[in-house]
$ cat structure_32.tsv   # TSV, C-alpha atoms
chain	number	residue	atom	x	y	z
A	276	MET	CA	-48.29	46.86	40.25
A	277	THR	CA	-48.85	46.24	36.53
A	278	THR	CA	-47.18	43.16	35.04
A	279	ILE	CA	-45.57	43.75	31.66
A	280	ASP	CA	-46.67	41.20	29.07
A	281	THR	CA	-43.58	40.09	27.15
A	282	ARG	CA	-45.44	37.66	24.87
A	283	PRO	CA	-45.77	38.48	21.15
A	284	PRO	CA	-49.02	40.31	20.33
A	285	LYS	CA	-52.01	38.21	19.31
A	286	LEU	CA	-53.32	40.70	16.72
A	287	VAL	CA	-51.38	43.41	14.90
A	288	ALA	CA	-52.92	46.12	12.73
A	289	ASP	CA	-50.11	47.93	10.90
A	290	GLY	CA	-51.03	50.97	8.82
A	291	LEU	CA	-54.37	49.38	7.93
A	292	SER	CA	-56.56	51.24	5.43
A	293	ILE	CA	-59.96	50.20	4.14
A	294	GLU	CA	-61.83	51.78	1.27
A	295	TYR	CA	-64.69	50.56	-0.85
A	296	GLN	CA	-66.88	51.65	-3.72
A	297	VAL	CA	-70.25	53.23	-2.97
A	298	LYS	CA	-72.73	51.35	-5.17
A	299	ARG	CA	-75.09	54.23	-5.91
A	300	SER	CA	-72.47	56.82	-6.85
A	301	GLY	CA	-69.57	54.61	-7.86
A	302	GLU	CA	-67.25	56.79	-5.76
A	303	ARG	CA	-64.49	55.40	-3.56
A	304	PHE	CA	-65.03	55.86	0.17
A	305	GLN	CA	-62.23	55.58	2.70
A	306	ALA	CA	-63.57	54.14	5.94
A	307	VAL	CA	-60.34	53.90	7.94
A	308	LYS	CA	-56.83	55.13	7.24
A	309	ASP	CA	-53.50	54.01	8.68
A	310	ILE	CA	-54.90	52.12	11.69
A	311	THR	CA	-52.03	50.88	13.85
A	312	PHE	CA	-52.28	49.10	17.21
A	313	GLU	CA	-51.66	45.72	18.85
A	314	VAL	CA	-53.82	43.37	20.91
A	315	SER	CA	-52.14	41.32	23.63
A	316	PRO	CA	-52.90	37.62	24.18
A	317	GLU	CA	-55.79	36.86	26.56
A	318	SER	CA	-56.68	40.56	26.77
A	319	PHE	CA	-60.01	42.33	26.37
A	320	THR	CA	-59.77	45.29	23.99
A	321	CYS	CA	-62.64	47.64	23.13
A	322	ILE	CA	-62.88	49.92	20.10
A	323	VAL	CA	-64.90	53.11	20.49
A	324	GLY	CA	-65.57	56.19	18.41
A	325	ALA	CA	-68.30	58.37	16.98
A	326	SER	CA	-71.01	56.82	14.83
A	327	GLY	CA	-69.71	56.14	11.32
A	328	CYS	CA	-66.03	56.13	12.30
A	329	GLY	CA	-65.42	52.65	10.91
A	330	LYS	CA	-65.46	50.52	14.08
A	331	SER	CA	-67.54	47.72	12.59
A	332	THR	CA	-65.77	48.05	9.24
A	333	PHE	CA	-62.46	47.40	10.97
A	334	LEU	CA	-63.87	44.41	12.84
A	335	SER	CA	-65.19	42.96	9.58
A	336	ALA	CA	-61.69	43.20	8.13
A	337	VAL	CA	-60.27	41.36	11.14
A	338	ALA	CA	-62.93	38.69	10.65
A	339	GLY	CA	-61.81	38.37	7.03
A	340	LEU	CA	-65.22	39.42	5.73
A	341	LEU	CA	-63.98	42.67	4.16
A	342	PRO	CA	-60.74	43.15	2.22
A	343	TYR	CA	-58.37	45.90	3.26
A	344	THR	CA	-56.67	48.13	0.72
A	345	GLY	CA	-53.53	49.14	2.56
A	346	GLY	CA	-51.30	48.04	5.42
A	347	SER	CA	-51.65	44.64	7.04
A	348	LEU	CA	-53.52	42.60	9.63
A	349	SER	CA	-51.92	39.58	11.26
A	350	LEU	CA	-53.05	37.06	13.86
A	351	ASP	CA	-50.31	35.14	15.66
A	352	GLY	CA	-47.91	36.35	12.98
A	353	ARG	CA	-50.07	35.08	10.08
A	354	LEU	CA	-51.52	37.57	7.63
A	355	ILE	CA	-55.33	37.72	7.63
A	356	THR	CA	-56.51	37.29	4.05
A	357	GLY	CA	-60.02	35.93	4.61
A	358	PRO	CA	-62.26	34.15	7.11
A	359	GLY	CA	-60.70	31.42	9.22
A	360	ASN	CA	-61.40	28.97	12.02
A	361	ASP	CA	-59.07	30.97	14.27
A	362	ARG	CA	-61.70	33.72	14.58
A	363	ALA	CA	-65.37	33.79	15.59
A	364	VAL	CA	-67.79	36.72	15.44
A	365	VAL	CA	-70.68	37.62	17.73
A	366	PHE	CA	-72.85	40.09	15.84
A	367	GLN	CA	-75.42	42.55	17.19
A	368	THR	CA	-78.23	40.37	15.80
A	369	PRO	CA	-78.03	36.75	17.01
A	370	ALA	CA	-79.13	35.39	13.58
A	371	LEU	CA	-80.13	32.05	15.06
A	372	LEU	CA	-81.65	29.38	12.85
A	373	PRO	CA	-85.37	29.44	13.82
A	374	TRP	CA	-85.95	25.78	12.99
A	375	ARG	CA	-83.15	24.64	15.31
A	376	ASN	CA	-83.30	24.52	19.08
A	377	VAL	CA	-80.59	25.94	21.34
A	378	LEU	CA	-78.40	22.85	21.11
A	379	GLY	CA	-78.89	22.67	17.35
A	380	ASN	CA	-77.82	26.29	16.91
A	381	VAL	CA	-74.72	25.97	19.10
A	382	VAL	CA	-73.61	22.76	17.41
A	383	TYR	CA	-74.19	24.13	13.89
A	384	GLY	CA	-70.74	25.64	13.35
A	385	LEU	CA	-69.06	22.46	14.55
A	386	GLU	CA	-71.15	20.46	12.08
A	387	LEU	CA	-69.93	22.68	9.24
A	388	ARG	CA	-66.35	21.97	10.26
A	389	GLY	CA	-66.95	18.23	10.12
A	390	THR	CA	-66.60	17.66	13.86
A	391	PRO	CA	-67.89	14.17	14.76
A	392	GLU	CA	-71.46	14.39	16.04
A	393	ALA	CA	-70.84	13.01	19.53
A	394	GLN	CA	-67.83	15.29	20.05
A	395	ALA	CA	-69.73	18.31	18.73
A	396	ARG	CA	-72.67	17.71	21.07
A	397	VAL	CA	-70.41	17.40	24.11
A	398	LYS	CA	-68.61	20.65	23.22
A	399	ALA	CA	-71.92	22.43	22.58
A	400	GLN	CA	-73.32	21.28	25.91
A	401	GLU	CA	-70.22	22.63	27.68
A	402	MET	CA	-70.67	26.05	26.08
A	403	ILE	CA	-74.41	26.13	26.79
A	404	LYS	CA	-73.64	25.51	30.45
A	405	LEU	CA	-70.89	28.14	30.40
A	406	VAL	CA	-73.27	30.87	29.18
A	407	GLY	CA	-75.90	29.94	31.77
A	408	LEU	CA	-78.44	28.20	29.53
A	409	ALA	CA	-78.24	24.64	30.86
A	410	GLY	CA	-81.73	23.16	30.79
A	411	ASN	CA	-82.76	25.22	27.76
A	412	GLU	CA	-81.21	22.98	25.10
A	413	ASN	CA	-84.56	22.05	23.56
A	414	ARG	CA	-86.06	25.54	23.43
A	415	PHE	CA	-86.33	27.35	20.09
A	416	PRO	CA	-85.22	30.94	19.38
A	417	HIS	CA	-88.76	32.36	19.43
A	418	GLU	CA	-89.12	31.01	22.98
A	419	LEU	CA	-86.08	32.94	24.23
A	420	SER	CA	-85.64	36.51	25.41
A	421	GLY	CA	-83.23	38.82	23.60
A	422	GLY	CA	-80.59	38.28	26.26
A	423	MET	CA	-80.95	34.50	26.06
A	424	GLN	CA	-80.65	34.61	22.28
A	425	GLN	CA	-77.39	36.50	22.60
A	426	ARG	CA	-76.15	33.89	25.06
A	427	VAL	CA	-76.82	31.25	22.39
A	428	ASN	CA	-74.97	33.44	19.88
A	429	LEU	CA	-71.99	33.66	22.25
A	430	ALA	CA	-72.06	29.93	22.99
A	431	ARG	CA	-72.01	29.18	19.27
A	432	ALA	CA	-68.93	31.37	18.81
A	433	LEU	CA	-67.12	29.89	21.82
A	434	ALA	CA	-67.86	26.33	20.70
A	435	ALA	CA	-65.58	26.98	17.73
A	436	ASP	CA	-62.70	27.53	20.21
A	437	PRO	CA	-61.34	30.57	18.32
A	438	GLU	CA	-57.99	32.23	18.93
A	439	LEU	CA	-59.72	35.61	18.67
A	440	LEU	CA	-63.29	36.41	19.71
A	441	LEU	CA	-64.79	39.36	17.81
A	442	LEU	CA	-67.87	41.08	19.23
A	443	ASP	CA	-69.67	43.73	17.19
A	444	GLU	CA	-71.95	45.70	19.54
A	445	PRO	CA	-73.54	42.45	20.77
A	446	PHE	CA	-75.66	44.13	23.45
A	447	ALA	CA	-76.82	47.20	21.50
A	448	ALA	CA	-80.36	45.87	20.94
A	449	LEU	CA	-80.93	44.95	24.59
A	450	ASP	CA	-82.65	47.07	27.24
A	451	ALA	CA	-80.40	48.85	29.75
A	452	ILE	CA	-80.90	46.38	32.60
A	453	THR	CA	-80.35	43.29	30.46
A	454	ARG	CA	-77.33	44.95	28.89
A	455	GLU	CA	-75.62	45.48	32.24
A	456	VAL	CA	-76.39	41.91	33.29
A	457	MET	CA	-74.94	40.59	30.03
A	458	GLN	CA	-71.79	42.69	30.46
A	459	GLY	CA	-71.16	41.09	33.84
A	460	GLU	CA	-71.86	37.62	32.48
A	461	LEU	CA	-69.57	38.20	29.50
A	462	LEU	CA	-66.73	39.13	31.86
A	463	ASP	CA	-67.35	35.99	33.92
A	464	ILE	CA	-67.18	33.88	30.75
A	465	TRP	CA	-64.07	35.69	29.56
A	466	GLN	CA	-62.36	35.13	32.91
A	467	LYS	CA	-62.99	31.38	32.53
A	468	THR	CA	-61.98	31.05	28.86
A	469	ARG	CA	-59.33	33.81	28.61
A	470	LYS	CA	-60.06	34.17	24.92
A	471	THR	CA	-58.45	37.23	23.36
A	472	ALA	CA	-61.44	39.52	22.76
A	473	LEU	CA	-61.96	42.52	20.48
A	474	PHE	CA	-65.22	44.30	21.28
A	475	VAL	CA	-66.79	47.16	19.31
A	476	THR	CA	-69.19	49.47	21.14
A	477	HIS	CA	-70.51	53.03	21.05
A	478	GLN	CA	-71.18	52.96	24.81
A	479	ILE	CA	-68.17	54.45	26.60
A	480	ASP	CA	-69.17	53.16	30.04
A	481	GLU	CA	-69.51	49.66	28.58
A	482	ALA	CA	-65.98	49.86	27.18
A	483	VAL	CA	-64.55	51.10	30.48
A	484	PHE	CA	-66.28	48.33	32.42
A	485	LEU	CA	-65.16	45.54	30.08
A	486	ALA	CA	-61.76	46.46	28.71
A	487	ASP	CA	-58.10	46.20	29.56
A	488	ARG	CA	-57.43	48.73	26.79
A	489	ILE	CA	-59.66	51.05	24.78
A	490	VAL	CA	-58.75	52.03	21.21
A	491	VAL	CA	-60.29	55.41	20.31
A	492	LEU	CA	-60.96	56.09	16.63
A	493	SER	CA	-61.36	59.58	15.19
A	494	ARG	CA	-64.45	60.70	13.34
A	495	GLY	CA	-64.79	59.36	9.79
A	496	PRO	CA	-64.24	59.31	6.96
A	497	GLY	CA	-60.69	58.04	7.00
A	498	SER	CA	-60.60	57.34	10.73
A	499	VAL	CA	-57.29	56.92	12.53
A	500	VAL	CA	-56.39	55.80	16.05
A	501	THR	CA	-56.30	58.93	18.19
A	502	ALA	CA	-55.48	57.21	21.49
A	503	VAL	CA	-55.12	53.87	23.25
A	504	VAL	CA	-56.31	54.11	26.85
A	505	ASP	CA	-55.31	51.58	29.51
A	506	VAL	CA	-58.00	50.54	31.99
A	507	ASP	CA	-56.42	49.12	35.12
A	508	PHE	CA	-59.39	48.47	37.40
A	509	PRO	CA	-58.77	45.16	39.17
A	510	ARG	CA	-60.50	41.99	38.02
A	511	PRO	CA	-62.92	40.42	38.56
A	512	ARG	CA	-65.01	43.57	38.20
A	513	THR	CA	-68.33	44.04	39.94
A	514	ASP	CA	-71.12	46.57	39.54
A	515	ALA	CA	-69.58	48.55	42.40
A	516	VAL	CA	-66.78	49.73	40.09
A	517	ARG	CA	-69.35	51.52	37.91
A	518	ARG	CA	-70.17	53.87	40.81
A	519	SER	CA	-66.59	54.73	41.73
A	520	PRO	CA	-65.12	58.19	41.05
A	521	GLU	CA	-62.23	56.52	39.18
A	522	PHE	CA	-64.65	54.82	36.80
A	523	LEU	CA	-66.49	58.07	36.06
A	524	ALA	CA	-63.17	59.85	35.52
A	525	LYS	CA	-62.10	57.20	33.01
A	526	VAL	CA	-65.41	57.56	31.15
A	527	ASP	CA	-64.87	61.33	30.99
A	528	GLU	CA	-61.31	60.79	29.72
A	529	VAL	CA	-62.44	58.58	26.84
A	530	TRP	CA	-65.41	60.84	26.05
A	531	ALA	CA	-63.09	63.86	25.80
A	532	LEU	CA	-60.84	61.97	23.38
A	533	ILE	CA	-63.81	61.10	21.16
A	534	LYS	CA	-65.10	64.67	21.14
A	535	GLY	CA	-61.62	66.09	20.59

$ encode --input "structure_32.tsv" --output "structure tokens"
Amino acid sequence: MTTIDTRPPKLVADGLSIEYQVKRSGERFQAVKDITFEVSPESFTCIVGASGCGKSTFLSAVAGLLPYTGGSLSLDGRLITGPGNDRAVVFQTPALLPWRNVLGNVVYGLELRGTPEAQARVKAQEMIKLVGLAGNENRFPHELSGGMQQRVNLARALAADPELLLLDEPFAALDAITREVMQGELLDIWQKTRKTALFVTHQIDEAVFLADRIVVLSRGPGSVVTAVVDVDFPRPRTDAVRRSPEFLAKVDEVWALIKG
């Protein structure tokens, strides 16, 4: 039996449109048009769609890194007008500081906020343990595998204790085996933190495995929301769910919406 969430939405996109000027031609390009949907508190929402449909563009607007030209975006009822401490982004490329070790990278964002050093180190150590990297605090990025680097990237974002965790295809550069392992570990971490998560991916099976809801965008330019699909597989989810007929049927459902 599904429990109805009566709490106010965490994130609201209301008629959101984003367009920008193409530098080479000077022409205006509309990336997304009239995007409308809501994200519930403590939920895991995935955004999928064909390549070039504006998934990452939309996420950048939520992060406050890209201005929108129509409609509105609000977090906890406050309009998003730029970057803020209430959001943290995990990008596809970890972008770790090569001269800092694991602990130094995780603590970096807290340093920028002026968090006292002792408090920042304790928080960073907690997040390093949470992502499964305890004992690796003194290793440098070049000594880590791709999956380990992304764990550091995730720990750095979680250390900021954001209201909304934004993930832009964070596992796209990983091999298939590491990617599946990281998906399972991300869900374990999410279960413990219950951070509201918005995850962009082009892998439909990844979205179905991770999400409570999947937002399907149409092909660009000027993408719109064509469907919002509920995913009600019980949590915690294990690899066994990937092999179930229900899982494959849900993948086919989302794939048909993208193609249609």

$ atom_distance --input "structure_32.tsv" --atom1 "atom CA of Val516 of chain A" --atom2 "atom CA of Thr468 of chain A"
22.3 Å

$ closest_residue --input "structure_32.tsv" --among "A:Glu418, A:Glu401, A:Asp436, A:Glu460" --to "Arg388 of chain A" --atoms "all atoms listed in the file"
A:Asp436

$ residues_around --input "structure_32.tsv" --residues "Val483 of chain A" --least-positions-apart "4" --cutoff "10 Å" --atoms "all atoms listed in the file" --output "list in words"
Thr320, Cys321, Gln478, Ile479, Asp487, Arg488, Ile489, Val504, Asp505, Val506, Asp507, Phe508, Val516, Arg517, Phe522, Leu523, Lys525, Val526 and Val529 of chain A

$ residues_around --input "structure_32.tsv" --residues "Thr311 of chain A" --least-positions-apart "4" --cutoff "10 Å" --atoms "all atoms listed in the file" --output "mmCIF file with C-alpha atoms, in the frame of the given file"
data_model
loop_
_atom_site.group_PDB
_atom_site.id
_atom_site.type_symbol
_atom_site.label_atom_id
_atom_site.label_comp_id
_atom_site.auth_asym_id
_atom_site.auth_seq_id
_atom_site.Cartn_x
_atom_site.Cartn_y
_atom_site.Cartn_z
ATOM 1 C CA VAL A 287 -51.380 43.410 14.900
ATOM 2 C CA ALA A 288 -52.920 46.120 12.730
ATOM 3 C CA ASP A 289 -50.110 47.930 10.900
ATOM 4 C CA GLY A 290 -51.030 50.970 8.820
ATOM 5 C CA LEU A 291 -54.370 49.380 7.930
ATOM 6 C CA SER A 292 -56.560 51.240 5.430
ATOM 7 C CA GLY A 346 -51.300 48.040 5.420
ATOM 8 C CA SER A 347 -51.650 44.640 7.040
ATOM 9 C CA LEU A 348 -53.520 42.600 9.630
ATOM 10 C CA VAL A 499 -57.290 56.920 12.530
ATOM 11 C CA VAL A 500 -56.390 55.800 16.050
#

$ closest_atom_pairs --input "structure_32.tsv" --of "segment 284-355 of chain A" --to "segment 366-369 of chain A" --cutoff "12 Å" --atoms "all atoms listed in the file" --output "tab-separated table"
residue	atom	partner	partner_atom	distance
A:Ser331	CA	A:Phe366	CA	9.8
A:Leu334	CA	A:Phe366	CA	10.4
A:Ser335	CA	A:Phe366	CA	10.3
A:Ala338	CA	A:Phe366	CA	11.3

$ closest_atom_pairs --input "structure_32.tsv" --of "segment 415-490 of chain A" --to "segment 352-361 of chain A" --cutoff "7 Å" --atoms "all atoms listed in the file" --output "CSV"
residue,atom,partner,partner_atom,distance
A:Pro437,CA,A:Asp361,CA,4.7
A:Glu438,CA,A:Asp361,CA,4.9
A:Leu439,CA,A:Asp361,CA,6.4

$ residues_around --input "structure_32.tsv" --residues "Asp514 of chain A" --least-positions-apart "4" --cutoff "10 Å" --atoms "all atoms listed in the file" --output "ChimeraX atom specification"
/A:455-456,458-459,484,518-519

$ write_last_selection --input "structure_32.tsv" --atoms "C-alpha atoms" --output "compact mmCIF listing (two decimals), in the coordinates of the input"
# COMPACT_ATOMS: atom_id res chain seq x y z
CA GLU A 455 -75.62 45.48 32.24
CA VAL A 456 -76.39 41.91 33.29
CA GLN A 458 -71.79 42.69 30.46
CA GLY A 459 -71.16 41.09 33.84
CA PHE A 484 -66.28 48.33 32.42
CA ARG A 518 -70.17 53.87 40.81
CA SER A 519 -66.59 54.73 41.73

$ closest_residue --input "structure_32.tsv" --among "A:Ser349, A:Asn428, A:Thr476, A:Asn376" --to "Phe312 of chain A" --atoms "only C-alpha atoms"
A:Ser349

$ axis_aligned_box --input "structure_32.tsv" --around "segment 456-472 of chain A" --padding-each-side "4 Å" --output "JSON"
{"center_x": -67.4, "center_y": 36.9, "center_z": 28.3, "size_x": 25.9, "size_y": 19.6, "size_z": 19.2}

$ closest_residue --input "structure_32.tsv" --among "A:Met457, A:Met402, A:Ala432, A:Ala325" --to "Gly384 of chain A" --atoms "all atoms listed in the file"
A:Ala432
